[in-house]
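input.txt (compact mmCIF, C-alpha atoms)
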# COMPACT_ATOMS: atom_id res chain seq x y z
CA MET A 15 7.38 -1.84 13.77
CA ASN A 16 7.87 1.34 15.87
CA GLY A 17 10.18 -0.29 18.32
CA VAL A 18 8.07 -3.40 18.70
CA CYS A 19 10.36 -6.43 18.63
CA GLU A 20 9.55 -8.78 15.78
CA ASN A 21 9.41 -11.77 18.15
CA GLN A 22 6.75 -10.02 20.17
CA VAL A 23 4.84 -9.26 17.00
CA ALA A 24 5.01 -12.90 15.89
CA LEU A 25 3.88 -14.01 19.34
CA GLU A 26 1.07 -11.49 19.23
CA TRP A 27 0.01 -12.80 15.82
CA THR A 28 0.13 -16.43 16.95
CA ARG A 29 -2.15 -15.49 19.82
CA ALA A 30 -4.29 -13.46 17.46
CA VAL A 31 -5.23 -16.39 15.26
CA ASP A 32 -6.50 -18.29 18.26
CA SER A 33 -9.32 -16.04 19.34
CA ARG A 34 -11.45 -13.15 18.23
CA GLU A 35 -10.41 -11.10 21.27
CA ALA A 36 -6.72 -11.52 20.54
CA PHE A 37 -7.19 -10.58 16.89
CA GLU A 38 -9.22 -7.56 17.98
CA ALA A 39 -6.41 -6.49 20.29
CA PHE A 40 -3.96 -7.04 17.49
CA VAL A 41 -5.95 -4.89 15.03
CA LYS A 42 -6.30 -2.15 17.62
CA THR A 43 -2.53 -2.12 18.14
CA HIS A 44 -1.74 -1.71 14.45
CA MET A 45 -4.77 0.13 13.03
CA ARG A 46 -3.33 3.63 13.25
CA GLN A 47 -0.13 2.68 11.49
CA ALA A 48 -1.97 0.73 8.80
CA TYR A 49 -4.34 3.64 8.25
CA ALA A 50 -1.49 6.16 8.09
CA VAL A 51 0.41 4.12 5.50
CA ALA A 52 -2.73 3.70 3.39
CA LEU A 53 -3.51 7.41 3.69
CA GLY A 54 -0.03 8.28 2.50
CA LEU A 55 -0.30 5.92 -0.45
CA VAL A 56 -3.83 6.63 -1.68
CA GLY A 57 -4.30 10.18 -0.47
CA ASN A 58 -7.75 10.36 1.06
CA HIS A 59 -9.30 9.40 4.39
CA GLU A 60 -12.22 7.30 3.19
CA ASP A 61 -10.16 5.11 0.87
CA ALA A 62 -7.41 4.77 3.48
CA LEU A 63 -9.90 3.56 6.08
CA GLU A 64 -11.54 1.12 3.67
CA LEU A 65 -8.26 -0.27 2.39
CA SER A 66 -6.60 -0.65 5.79
CA GLN A 67 -9.67 -2.46 7.15
CA GLU A 68 -9.80 -4.67 4.08
CA ALA A 69 -6.09 -5.47 4.54
CA PHE A 70 -6.76 -6.67 8.11
CA ALA A 71 -9.69 -8.77 6.94
CA ARG A 72 -7.55 -10.34 4.20
CA ALA A 73 -4.68 -10.91 6.62
CA TYR A 74 -7.09 -12.78 8.85
CA GLN A 75 -8.44 -14.83 5.96
CA HIS A 76 -4.95 -15.71 4.74
CA ARG A 77 -3.35 -16.18 8.18
CA GLY A 78 -2.45 -19.74 7.18
CA THR A 79 0.20 -18.41 4.78
CA LEU A 80 2.17 -16.78 7.62
CA ASN A 81 4.49 -19.29 9.20
CA ALA A 82 4.91 -19.41 12.97
CA HIS A 83 8.25 -17.60 12.90
CA GLY A 84 7.28 -15.19 10.15
CA LYS A 85 7.56 -11.46 10.63
CA PHE A 86 4.08 -10.13 10.73
CA PHE A 87 4.35 -6.50 9.79
CA PRO A 88 6.32 -6.95 6.53
CA TRP A 89 3.85 -9.69 5.57
CA PHE A 90 0.85 -7.52 6.43
CA TYR A 91 2.45 -4.54 4.70
CA GLN A 92 2.64 -6.47 1.42
CA ILE A 93 -1.11 -7.09 1.58
CA LEU A 94 -1.81 -3.44 2.40
CA ARG A 95 0.45 -1.94 -0.28
CA ASN A 96 -0.82 -4.32 -2.95
CA LEU A 97 -4.38 -3.31 -2.12
CA CYS A 98 -3.44 0.38 -2.19
CA PHE A 99 -1.53 0.19 -5.48
CA SER A 100 -4.23 -1.87 -7.12
CA HIS A 101 -6.79 0.70 -5.92
CA LEU A 102 -4.67 3.52 -7.40
CA ARG A 103 -4.40 1.74 -10.75
CA LYS A 104 -8.16 1.25 -10.89
CA ARG A 105 -8.61 4.89 -10.01
CA GLN A 106 -6.24 5.93 -12.81
CA VAL A 107 -8.18 3.76 -15.25
CA ARG A 108 -11.44 5.34 -14.17
CA GLN A 109 -9.81 8.78 -14.37
CA ALA A 110 -12.61 9.97 -12.16
CA GLU A 111 -10.40 11.39 -9.48
CA SER A 112 -6.75 11.94 -8.67
CA LEU A 113 -4.75 12.65 -5.54
CA ASP A 114 -4.65 16.33 -6.22
CA ALA A 115 -8.37 16.35 -6.94
CA ASP A 116 -8.98 15.45 -3.31
CA PRO A 117 -10.38 18.61 -1.73
CA GLU A 118 -9.06 17.73 1.72
CA CYS A 119 -5.33 17.84 2.38
CA PRO A 120 -4.58 15.12 4.95
CA ILE A 121 -1.35 16.69 6.22
CA GLN A 122 -0.91 19.61 8.58
CA VAL A 123 1.91 21.65 10.06
CA GLN A 124 2.93 20.19 13.43
CA ALA A 125 3.40 23.46 15.31
CA ARG A 126 1.43 26.33 13.90
CA ASP A 127 2.87 29.84 14.11
CA GLY A 128 0.38 31.55 16.42
CA SER A 129 -2.88 32.90 15.10
CA ASP A 130 -1.59 35.25 12.42
CA PRO A 131 -4.06 34.63 9.58
CA GLU A 132 -1.50 35.47 6.92
CA ALA A 133 1.06 33.02 8.33
CA LEU A 134 -1.65 30.41 8.72
CA ALA A 135 -2.77 30.85 5.11
CA GLU A 136 0.83 30.52 3.94
CA GLN A 137 1.33 27.37 6.01
CA ASN A 138 -1.84 25.88 4.57
CA GLU A 139 -0.74 26.74 1.06
CA THR A 140 2.70 25.18 1.67
CA THR A 141 1.25 21.94 3.03
CA ALA A 142 -1.25 21.74 0.16
CA ARG A 143 1.58 22.28 -2.32
CA LEU A 144 3.67 19.59 -0.65
CA TRP A 145 0.77 17.15 -0.64
CA ARG A 146 0.04 17.78 -4.32
CA ALA A 147 3.71 17.17 -5.13
CA ILE A 148 3.80 13.93 -3.11
CA GLY A 149 0.65 12.83 -4.95
CA ARG A 150 2.44 13.31 -8.28
CA LEU A 151 5.35 11.05 -7.35
CA ASP A 152 5.26 7.57 -8.77
CA GLU A 153 4.24 4.71 -6.47
CA LYS A 154 7.70 3.57 -5.38
CA HIS A 155 8.94 7.07 -4.66
CA ARG A 156 5.78 8.08 -2.82
CA GLU A 157 6.06 4.93 -0.74
CA VAL A 158 9.56 5.70 0.55
CA ILE A 159 8.65 9.31 1.29
CA ILE A 160 5.62 8.18 3.30
CA LEU A 161 7.53 5.52 5.21
CA ARG A 162 10.41 7.83 6.02
CA HIS A 163 8.68 11.12 6.70
CA PHE A 164 5.26 10.13 7.97
CA GLN A 165 6.08 6.81 9.63
CA ASN A 166 9.60 7.74 10.78
CA LEU A 167 10.95 4.31 9.87
CA SER A 168 14.69 3.68 9.85
CA TYR A 169 16.43 2.50 6.67
CA ASP A 170 16.64 -1.01 8.14
CA GLN A 171 12.92 -1.10 8.85
CA MET A 172 12.14 0.23 5.38
CA ALA A 173 14.40 -2.36 3.76
CA GLN A 174 12.57 -5.07 5.70
CA LEU A 175 9.15 -3.84 4.61
CA LEU A 176 10.15 -3.36 0.98
CA PHE A 177 12.10 -6.64 0.74
CA CYS A 178 15.21 -4.88 -0.53
CA ASN A 179 18.58 -3.84 0.86
CA LYS A 180 19.54 -0.56 2.54
CA GLY A 181 21.35 0.61 -0.58
CA THR A 182 18.15 0.37 -2.60
CA VAL A 183 16.28 2.31 0.08
CA THR A 184 18.95 5.04 0.02
CA SER A 185 18.93 5.40 -3.75
CA ARG A 186 15.14 5.29 -3.94
CA LEU A 187 14.96 8.04 -1.33
CA TYR A 188 17.51 10.10 -3.25
CA TYR A 189 15.50 9.97 -6.48
CA ALA A 190 12.20 10.43 -4.62
CA ARG A 191 13.44 13.58 -2.89
CA GLN A 192 15.02 14.90 -6.05
CA ARG A 193 11.73 14.44 -7.92
CA LEU A 194 9.79 15.96 -5.03
CA LYS A 195 12.08 18.99 -5.14
CA GLU A 196 11.46 19.39 -8.89
CA LEU A 197 7.71 19.08 -8.43
CA LEU A 198 7.72 21.68 -5.66
CA ASP A 199 9.77 23.99 -7.85
CA ASP A 200 7.24 23.54 -10.65
CA GLU A 201 4.39 24.28 -8.27
CA LYS A 202 6.07 27.45 -7.07
CA GLY A 203 7.03 28.51 -10.57
CA GLY A 204 10.71 27.75 -10.19
CA GLN A 205 11.32 29.81 -7.07
CA GLY A 206 12.97 26.95 -5.18
CA VAL A 207 11.67 24.77 -2.33
CA MET B 28 35.63 8.50 -3.35
CA THR B 29 33.89 10.43 -6.10
CA CYS B 30 31.07 12.98 -5.74
CA ARG B 31 28.68 10.36 -7.07
CA GLU B 32 29.67 7.98 -4.30
CA TYR B 33 29.33 10.71 -1.68
CA ARG B 34 25.91 11.48 -3.12
CA ASP B 35 24.89 7.93 -2.15
CA LEU B 36 25.73 8.85 1.44
CA MET B 37 23.83 12.13 1.29
CA MET B 38 20.41 10.69 2.15
CA ALA B 39 21.83 8.64 5.03
CA PHE B 40 23.60 11.79 6.28
CA LEU B 41 20.35 13.79 6.16
CA ASP B 42 18.46 11.06 7.98
CA GLN B 43 21.23 10.51 10.53
CA GLU B 44 21.80 6.96 9.41
CA LEU B 45 25.59 7.25 9.02
CA ASP B 46 28.01 5.94 11.61
CA GLY B 47 30.77 8.17 13.07
CA PRO B 48 33.58 7.62 10.51
CA GLN B 49 31.18 7.77 7.53
CA ARG B 50 29.67 10.99 8.84
CA LYS B 51 33.12 12.52 9.33
CA ALA B 52 34.22 11.51 5.82
CA PHE B 53 31.04 12.98 4.37
CA GLU B 54 31.37 16.25 6.29
CA ASP B 55 35.01 16.57 5.15
CA HIS B 56 33.93 16.10 1.54
CA ILE B 57 31.10 18.63 1.85
CA ALA B 58 33.51 21.19 3.32
CA GLY B 59 35.58 21.06 0.14
CA CYS B 60 32.97 20.40 -2.57
CA ARG B 61 30.69 23.27 -3.54
CA GLY B 62 28.43 21.20 -5.82
CA CYS B 63 27.65 18.57 -3.20
CA ALA B 64 27.25 21.25 -0.51
CA GLU B 65 24.68 23.09 -2.64
CA GLU B 66 22.79 19.90 -3.34
CA LEU B 67 22.83 18.98 0.36
CA ALA B 68 21.50 22.43 1.28
CA GLN B 69 18.56 21.97 -1.11
CA PHE B 70 17.77 18.55 0.32
CA GLN B 71 18.03 19.95 3.85
CA GLN B 72 15.52 22.66 2.93
CA LEU B 73 13.15 20.00 1.61
CA LYS B 74 13.61 17.87 4.71
CA THR B 75 12.85 20.85 6.96
CA LEU B 76 9.60 21.27 5.08
CA THR B 77 8.59 17.60 5.23
CA ASP B 78 9.59 17.33 8.91
CA ARG B 79 7.23 20.18 9.80
CA VAL B 80 4.14 18.38 8.58
CA THR B 81 2.30 15.38 9.87
CA LEU B 82 -0.68 13.32 8.72
CA THR B 83 -3.97 14.40 10.23
CA GLU B 84 -5.69 11.87 12.50
CA PRO B 85 -9.36 11.00 12.05
CA GLU B 86 -11.84 11.64 14.87
CA ASP B 87 -11.93 9.27 17.85
CA ARG B 88 -15.26 7.76 16.81
CA ILE B 89 -13.57 6.39 13.65
CA TRP B 90 -11.14 4.43 15.83
CA GLN B 91 -13.95 3.24 18.07
CA GLN B 92 -15.74 1.79 15.03
CA TYR B 93 -12.61 0.50 13.33
CA TRP B 94 -12.56 -3.01 14.80
CA ASP B 95 -16.32 -3.45 14.22
CA ASN B 96 -15.79 -2.62 10.56
CA VAL B 97 -12.89 -5.11 10.25
CA TYR B 98 -14.99 -7.78 11.98
CA ASN B 99 -17.94 -7.08 9.69
CA ARG B 100 -15.68 -7.49 6.69
CA ILE B 101 -14.37 -10.83 7.95
CA GLU B 102 -17.93 -12.00 8.66
CA ARG B 103 -19.19 -10.72 5.32
CA GLY B 104 -16.30 -12.41 3.51
CA LEU B 105 -17.29 -15.74 5.06
CA GLY B 106 -20.93 -15.07 4.20
CA TRP B 107 -20.11 -14.31 0.56
CA MET B 108 -17.94 -17.41 0.28
CA LEU B 109 -20.73 -19.67 1.58
CA PHE B 110 -23.29 -17.89 -0.59
CA SER B 111 -21.11 -18.26 -3.72
CA ILE B 112 -20.41 -21.95 -3.14
CA ALA B 113 -24.09 -22.67 -2.48
CA ALA B 114 -25.20 -20.61 -5.50
CA ILE B 115 -22.77 -22.43 -7.81
CA LEU B 116 -23.89 -25.83 -6.50
CA LEU B 117 -27.57 -24.90 -6.86
CA ILE B 118 -27.05 -23.56 -10.40
CA LEU B 119 -25.18 -26.73 -11.38
CA TYR B 120 -27.84 -28.93 -9.80
CA GLY B 121 -30.70 -26.92 -11.33
CA GLY B 122 -29.02 -26.94 -14.73
CA PHE B 123 -28.45 -30.67 -14.56
CA LYS B 124 -32.07 -31.30 -13.55
CA ALA B 125 -33.38 -29.00 -16.29
CA ILE B 126 -31.27 -30.73 -18.93
CA GLU B 127 -32.29 -34.14 -17.61
CA THR B 128 -35.97 -33.14 -17.79
CA ILE B 129 -35.64 -31.86 -21.34
CA VAL B 130 -33.61 -34.84 -22.58
CA THR B 131 -35.94 -37.46 -21.03
CA ASP B 132 -39.16 -35.66 -22.01
CA PRO B 133 -40.70 -37.53 -24.95
CA ALA B 134 -42.69 -34.41 -25.90
CA VAL B 135 -39.48 -32.49 -26.73
CA GLY B 136 -38.30 -32.96 -30.30
CA LEU B 137 -35.05 -34.79 -31.15
CA PHE B 138 -33.66 -31.68 -32.88
CA LEU B 139 -33.94 -29.58 -29.70
CA LYS B 140 -32.40 -32.37 -27.60
CA ILE B 141 -29.40 -32.75 -29.94
CA THR B 142 -28.92 -28.96 -30.14
CA LEU B 143 -29.01 -28.69 -26.35
CA LEU B 144 -26.49 -31.50 -25.90
CA ALA B 145 -24.23 -29.95 -28.56
CA LEU B 146 -24.43 -26.62 -26.71
CA ILE B 147 -23.41 -28.28 -23.44
CA ALA B 148 -20.58 -30.18 -25.16
CA GLY B 149 -19.39 -26.91 -26.75
CA VAL B 150 -19.31 -25.10 -23.41
CA GLY B 151 -17.43 -28.07 -21.90
CA VAL B 152 -14.81 -28.10 -24.67
CA LEU B 153 -14.34 -24.31 -24.42
CA PHE B 154 -13.92 -24.55 -20.65
CA VAL B 155 -11.33 -27.33 -20.87
CA SER B 156 -9.45 -25.51 -23.65
CA VAL B 157 -9.23 -22.22 -21.71
CA ALA B 158 -8.26 -24.01 -18.50
CA ARG B 159 -5.51 -25.98 -20.31
CA GLU B 160 -4.16 -22.80 -21.94
CA ARG B 161 -4.07 -20.99 -18.59
CA LEU B 162 -2.29 -23.92 -17.00
CA TYR B 163 0.22 -24.06 -19.86
CA PHE B 164 1.14 -20.37 -19.53
CA TRP B 165 1.16 -20.50 -15.75
CA LYS B 166 3.66 -23.40 -15.77
CA ARG B 167 5.94 -21.47 -18.15
CA GLU B 168 5.63 -18.12 -16.39
CA ARG B 169 9.25 -17.33 -15.54
CA TYR B 170 8.46 -14.67 -12.99
CA LYS B 171 5.59 -16.38 -11.16
CA ASP B 172 7.64 -16.74 -7.98
CA VAL B 173 8.95 -13.19 -8.06
CA ARG B 174 7.52 -11.05 -5.29
CA ARG B 175 6.01 -7.89 -6.75

Could you rewrite the structure in this file as structure tokens?
Amino acid sequence: MNGVCENQVALEWTRAVDSREAFEAFVKTHMRQAYAVALGLVGNHEDALELSQEAFARAYQHRGTLNAHGKFFPWFYQILRNLCFSHLRKRQVRQAESLDADPECPIQVQARDGSDPEALAEQNETTARLWRAIGRLDEKHREVIILRHFQNLSYDQMAQLLFCNKGTVTSRLYYARQRLKELLDDEKGGQGV
Amino acid sequence: MTCREYRDLMMAFLDQELDGPQRKAFEDHIAGCRGCAEELAQFQQLKTLTDRVTLTEPEDRIWQQYWDNVYNRIERGLGWMLFSIAAILLILYGGFKAIETIVTDPAVGLFLKITLLALIAGVGVLFVSVARERLYFWKRERYKDVRR
């Protein structure tokens, strides 16, 4: 997505199936976005890398199921999200780890307030709190938060990826943000966001 | 419009997805409705927080190796597929040869031969039964075409 016209993407994909070089170029164009989505959904770097790479490999293996005029990114996104959600379910079954058990918080404040150690510590605490809260959202709510806030997708783009209408995106975002607000309040002991 | 209906517009307002007239209507409502204004302020506070953070990027070397890893996976997938097909064919062939040897060997007793054939027949019947059951349920699965 990100401003790339769907026709261009389809053309790119058609070229990609023809040669290794074209597929390589294609992967290199989309790898950062695929990784970022996976990171948002599963919560840690190693799993996000593994899952996004696996999604590309599966997309290549199943390229026959994408028709010539198909939209690539929504199709690829379905493979990626299914892999991520299935990974999360397995992880829940194993109960060996959870999002908030991940020692490394994969989000950071964009512009840090100087070098004041106290302010820095507070910023780190806030981002960690936010990440823990996002990790406690259910899959569908976490997904819309990630797509909107970390991928900056428009409602139309989100609706296309999630195979739903804009109204569903809006209401899912409403409940996701409401739940996120509650979770942040809980984390802070009811002192507000 | 009711507060509930305006609430549906709240997210689109926050994310600047409303067109001019919708935005104006929403702002007019907020100006006169304390409940919705308070809720909007809370969401705005949350949005300010989420807008300030971004996902951290891995080191450059990760991106340099990324394609190689994808390519290795594709190659390995093909390797595993060939290996699995060959292994299944070899097991089937070996099994068939082993059974043939036992059944045609005059030194092996009739009891063992009959037991072995009964075992093979049993496995065959079980396989067909499970496959038929799966097929039956798959054909009657109402939601099989629903995208999850």

Q) Residues at most 12 Å from segment 195-198 of chain A, counting all atoms listed in the file, excluding those fewer than 2 positions away in the same chain, as a PyMOL selection string? A) (chain A and resi 139-152+187-193+200-207) or (chain B and resi 66+68-74+76-77)

At a cut-off of 8 Å, can you tabulate as CSV every residue of chain A near chain B together with its closest atom pair and the distance in Å to one decimal, using all atoms listed in the file and ordering rows by chain then number?
residue,atom,partner,partner_atom,distance
A:Glu38,CA,B:Trp94,CA,6.5
A:Val41,CA,B:Trp94,CA,6.9
A:Lys42,CA,B:Trp94,CA,6.9
A:Met45,CA,B:Tyr93,CA,7.9
A:Ala50,CA,B:Leu82,CA,7.2
A:His59,CA,B:Pro85,CA,7.8
A:Gln67,CA,B:Val97,CA,5.2
A:Glu68,CA,B:Val97,CA,6.9
A:Phe70,CA,B:Val97,CA,6.7
A:Ala71,CA,B:Ile101,CA,5.2
A:Arg72,CA,B:Ile101,CA,7.8
A:Tyr74,CA,B:Ile101,CA,7.6
A:Gln75,CA,B:Ile101,CA,7.4
A:Pro120,CA,B:Thr83,CA,5.4
A:Ile121,CA,B:Leu82,CA,4.2
A:Gln122,CA,B:Val80,CA,5.2
A:Val123,CA,B:Val80,CA,4.2
A:Gln124,CA,B:Val80,CA,5.3
A:Ala125,CA,B:Arg79,CA,7.5
A:Thr141,CA,B:Val80,CA,7.2
A:Leu144,CA,B:Thr77,CA,7.9
A:His163,CA,B:Thr77,CA,6.6
A:Phe164,CA,B:Thr81,CA,6.3
A:Ser168,CA,B:Glu44,CA,7.8
A:Tyr169,CA,B:Glu44,CA,7.5
A:Thr184,CA,B:Met38,CA,6.2
A:Ser185,CA,B:Asp35,CA,6.7
A:Leu187,CA,B:Met38,CA,7.0
A:Tyr188,CA,B:Met38,CA,6.2
A:Arg191,CA,B:Phe70,CA,7.3
A:Gln192,CA,B:Phe70,CA,7.8
A:Lys195,CA,B:Leu73,CA,6.9
A:Val207,CA,B:Leu73,CA,6.4

Q: Write out as a PyMOL selection string each polymer residue whose atoms come within 10 Å of Met28 of chain B, counting all atoms listed in the file; drop sequence neighbours fewer than 4 positions from it.
A: chain B and resi 32-33+52+56

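The residue set within 12 Å of Phe177 of chain A, counting only C-alpha atoms and dropping same-chain residues fewer than 2 places from it, reads A:Lys85, A:Phe87, A:Pro88, A:Trp89, A:Tyr91, A:Gln92, A:Tyr169, A:Asp170, A:Gln171, A:Met172, A:Ala173, A:Gln174, A:Leu175, A:Asn179, A:Lys180, A:Gly181, A:Thr182, A:Val183, B:Val173, B:Arg174, B:Arg175.
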
Find the smallest box with edges along x, y and z containing every listed atom of segment 121-127 of chain B, then add 3 Å on each side and report centre and edge lengths in Å to one decimal, as JSON.
{"center_x": -30.9, "center_y": -30.5, "center_z": -15.1, "size_x": 10.9, "size_y": 13.2, "size_z": 13.6}

Q: Just give me the gap between atom CA of Ala62 of chain A and atom CA of Arg88 of chain B in Å, one decimal is fine.
A: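 If I compute the distance from atom CA of Ala62 of chain A to atom CA of Arg88 of chain B, I get 15.8 Å.
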
Q: Work out how far atom CA of Leu144 of chain B is from atom CA of Ala125 of chain B, in Å to one decimal.
A: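 Taking atom CA of Ala125 of chain B and atom CA of Leu144 of chain B, their separation equals 12.1 Å.
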
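Atom pair atom CA of Gln92 of chain B / atom CA of Arg46 of chain A has a distance of 12.7 Å (rounded to one decimal).
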
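Using all atoms listed in the file, the shortest contact distance between Leu53 of chain A and any of A:Arg95, A:Arg77, A:Arg103, A:Arg186 is found at A:Arg95.
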
Could you write segment 145-170 of chain B as a PDB file, in the frame of the given file, with N, CA and C atoms rebuilt where they are missing?
ATOM      1  N   ALA B 145     -25.383 -30.523 -27.848  1.00  0.00           N
ATOM      2  CA  ALA B 145     -24.230 -29.950 -28.560  1.00  0.00           C
ATOM      3  C   ALA B 145     -23.771 -28.662 -27.877  1.00  0.00           C
ATOM      4  N   LEU B 146     -24.750 -27.874 -27.410  1.00  0.00           N
ATOM      5  CA  LEU B 146     -24.430 -26.620 -26.710  1.00  0.00           C
ATOM      6  C   LEU B 146     -23.628 -26.916 -25.433  1.00  0.00           C
ATOM      7  N   ILE B 147     -24.089 -27.925 -24.696  1.00  0.00           N
ATOM      8  CA  ILE B 147     -23.410 -28.280 -23.440  1.00  0.00           C
ATOM      9  C   ILE B 147     -21.999 -28.801 -23.742  1.00  0.00           C
ATOM     10  N   ALA B 148     -21.900 -29.638 -24.787  1.00  0.00           N
ATOM     11  CA  ALA B 148     -20.580 -30.180 -25.160  1.00  0.00           C
ATOM     12  C   ALA B 148     -19.652 -29.042 -25.566  1.00  0.00           C
ATOM     13  N   GLY B 149     -20.192 -28.061 -26.313  1.00  0.00           N
ATOM     14  CA  GLY B 149     -19.390 -26.910 -26.750  1.00  0.00           C
ATOM     15  C   GLY B 149     -18.855 -26.121 -25.568  1.00  0.00           C
ATOM     16  N   VAL B 150     -19.730 -25.849 -24.610  1.00  0.00           N
ATOM     17  CA  VAL B 150     -19.310 -25.100 -23.410  1.00  0.00           C
ATOM     18  C   VAL B 150     -18.226 -25.890 -22.666  1.00  0.00           C
ATOM     19  N   GLY B 151     -18.417 -27.212 -22.580  1.00  0.00           N
ATOM     20  CA  GLY B 151     -17.430 -28.070 -21.900  1.00  0.00           C
ATOM     21  C   GLY B 151     -16.074 -28.016 -22.565  1.00  0.00           C
ATOM     22  N   VAL B 152     -16.077 -28.125 -23.924  1.00  0.00           N
ATOM     23  CA  VAL B 152     -14.810 -28.100 -24.670  1.00  0.00           C
ATOM     24  C   VAL B 152     -14.113 -26.748 -24.493  1.00  0.00           C
ATOM     25  N   LEU B 153     -14.913 -25.657 -24.596  1.00  0.00           N
ATOM     26  CA  LEU B 153     -14.340 -24.310 -24.420  1.00  0.00           C
ATOM     27  C   LEU B 153     -13.705 -24.160 -23.030  1.00  0.00           C
ATOM     28  N   PHE B 154     -14.408 -24.656 -22.026  1.00  0.00           N
ATOM     29  CA  PHE B 154     -13.920 -24.550 -20.650  1.00  0.00           C
ATOM     30  C   PHE B 154     -12.590 -25.285 -20.479  1.00  0.00           C
ATOM     31  N   VAL B 155     -12.556 -26.536 -20.997  1.00  0.00           N
ATOM     32  CA  VAL B 155     -11.330 -27.330 -20.870  1.00  0.00           C
ATOM     33  C   VAL B 155     -10.182 -26.659 -21.626  1.00  0.00           C
ATOM     34  N   SER B 156     -10.497 -26.135 -22.829  1.00  0.00           N
ATOM     35  CA  SER B 156      -9.450 -25.510 -23.650  1.00  0.00           C
ATOM     36  C   SER B 156      -8.844 -24.292 -22.939  1.00  0.00           C
ATOM     37  N   VAL B 157      -9.716 -23.430 -22.407  1.00  0.00           N
ATOM     38  CA  VAL B 157      -9.230 -22.220 -21.710  1.00  0.00           C
ATOM     39  C   VAL B 157      -8.428 -22.613 -20.478  1.00  0.00           C
ATOM     40  N   ALA B 158      -8.947 -23.580 -19.720  1.00  0.00           N
ATOM     41  CA  ALA B 158      -8.260 -24.010 -18.500  1.00  0.00           C
ATOM     42  C   ALA B 158      -6.881 -24.577 -18.832  1.00  0.00           C
ATOM     43  N   ARG B 159      -6.797 -25.375 -19.926  1.00  0.00           N
ATOM     44  CA  ARG B 159      -5.510 -25.980 -20.310  1.00  0.00           C
ATOM     45  C   ARG B 159      -4.514 -24.900 -20.738  1.00  0.00           C
ATOM     46  N   GLU B 160      -5.032 -23.901 -21.491  1.00  0.00           N
ATOM     47  CA  GLU B 160      -4.160 -22.800 -21.940  1.00  0.00           C
ATOM     48  C   GLU B 160      -3.609 -22.019 -20.741  1.00  0.00           C
ATOM     49  N   ARG B 161      -4.495 -21.714 -19.794  1.00  0.00           N
ATOM     50  CA  ARG B 161      -4.070 -20.990 -18.590  1.00  0.00           C
ATOM     51  C   ARG B 161      -2.985 -21.772 -17.840  1.00  0.00           C
ATOM     52  N   LEU B 162      -3.226 -23.058 -17.717  1.00  0.00           N
ATOM     53  CA  LEU B 162      -2.290 -23.920 -17.000  1.00  0.00           C
ATOM     54  C   LEU B 162      -0.932 -23.950 -17.703  1.00  0.00           C
ATOM     55  N   TYR B 163      -0.995 -24.033 -19.049  1.00  0.00           N
ATOM     56  CA  TYR B 163       0.220 -24.060 -19.860  1.00  0.00           C
ATOM     57  C   TYR B 163       1.050 -22.801 -19.627  1.00  0.00           C
ATOM     58  N   PHE B 164       0.400 -21.628 -19.715  1.00  0.00           N
ATOM     59  CA  PHE B 164       1.140 -20.370 -19.530  1.00  0.00           C
ATOM     60  C   PHE B 164       1.606 -20.186 -18.089  1.00  0.00           C
ATOM     61  N   TRP B 165       0.779 -20.651 -17.148  1.00  0.00           N
ATOM     62  CA  TRP B 165       1.160 -20.500 -15.750  1.00  0.00           C
ATOM     63  C   TRP B 165       2.408 -21.302 -15.432  1.00  0.00           C
ATOM     64  N   LYS B 166       2.493 -22.541 -16.017  1.00  0.00           N
ATOM     65  CA  LYS B 166       3.660 -23.400 -15.770  1.00  0.00           C
ATOM     66  C   LYS B 166       4.920 -22.803 -16.368  1.00  0.00           C
ATOM     67  N   ARG B 167       4.760 -22.041 -17.486  1.00  0.00           N
ATOM     68  CA  ARG B 167       5.940 -21.470 -18.150  1.00  0.00           C
ATOM     69  C   ARG B 167       6.198 -20.018 -17.775  1.00  0.00           C
ATOM     70  N   GLU B 168       5.424 -19.502 -16.852  1.00  0.00           N
ATOM     71  CA  GLU B 168       5.630 -18.120 -16.390  1.00  0.00           C
ATOM     72  C   GLU B 168       6.936 -18.052 -15.600  1.00  0.00           C
ATOM     73  N   ARG B 169       7.924 -17.356 -16.173  1.00  0.00           N
ATOM     74  CA  ARG B 169       9.250 -17.330 -15.540  1.00  0.00           C
ATOM     75  C   ARG B 169       9.265 -16.544 -14.241  1.00  0.00           C
ATOM     76  N   TYR B 170       8.383 -15.582 -14.134  1.00  0.00           N
ATOM     77  CA  TYR B 170       8.460 -14.670 -12.990  1.00  0.00           C
ATOM     78  C   TYR B 170       7.370 -14.939 -11.949  1.00  0.00           C
TER      79      TYR B 170
END
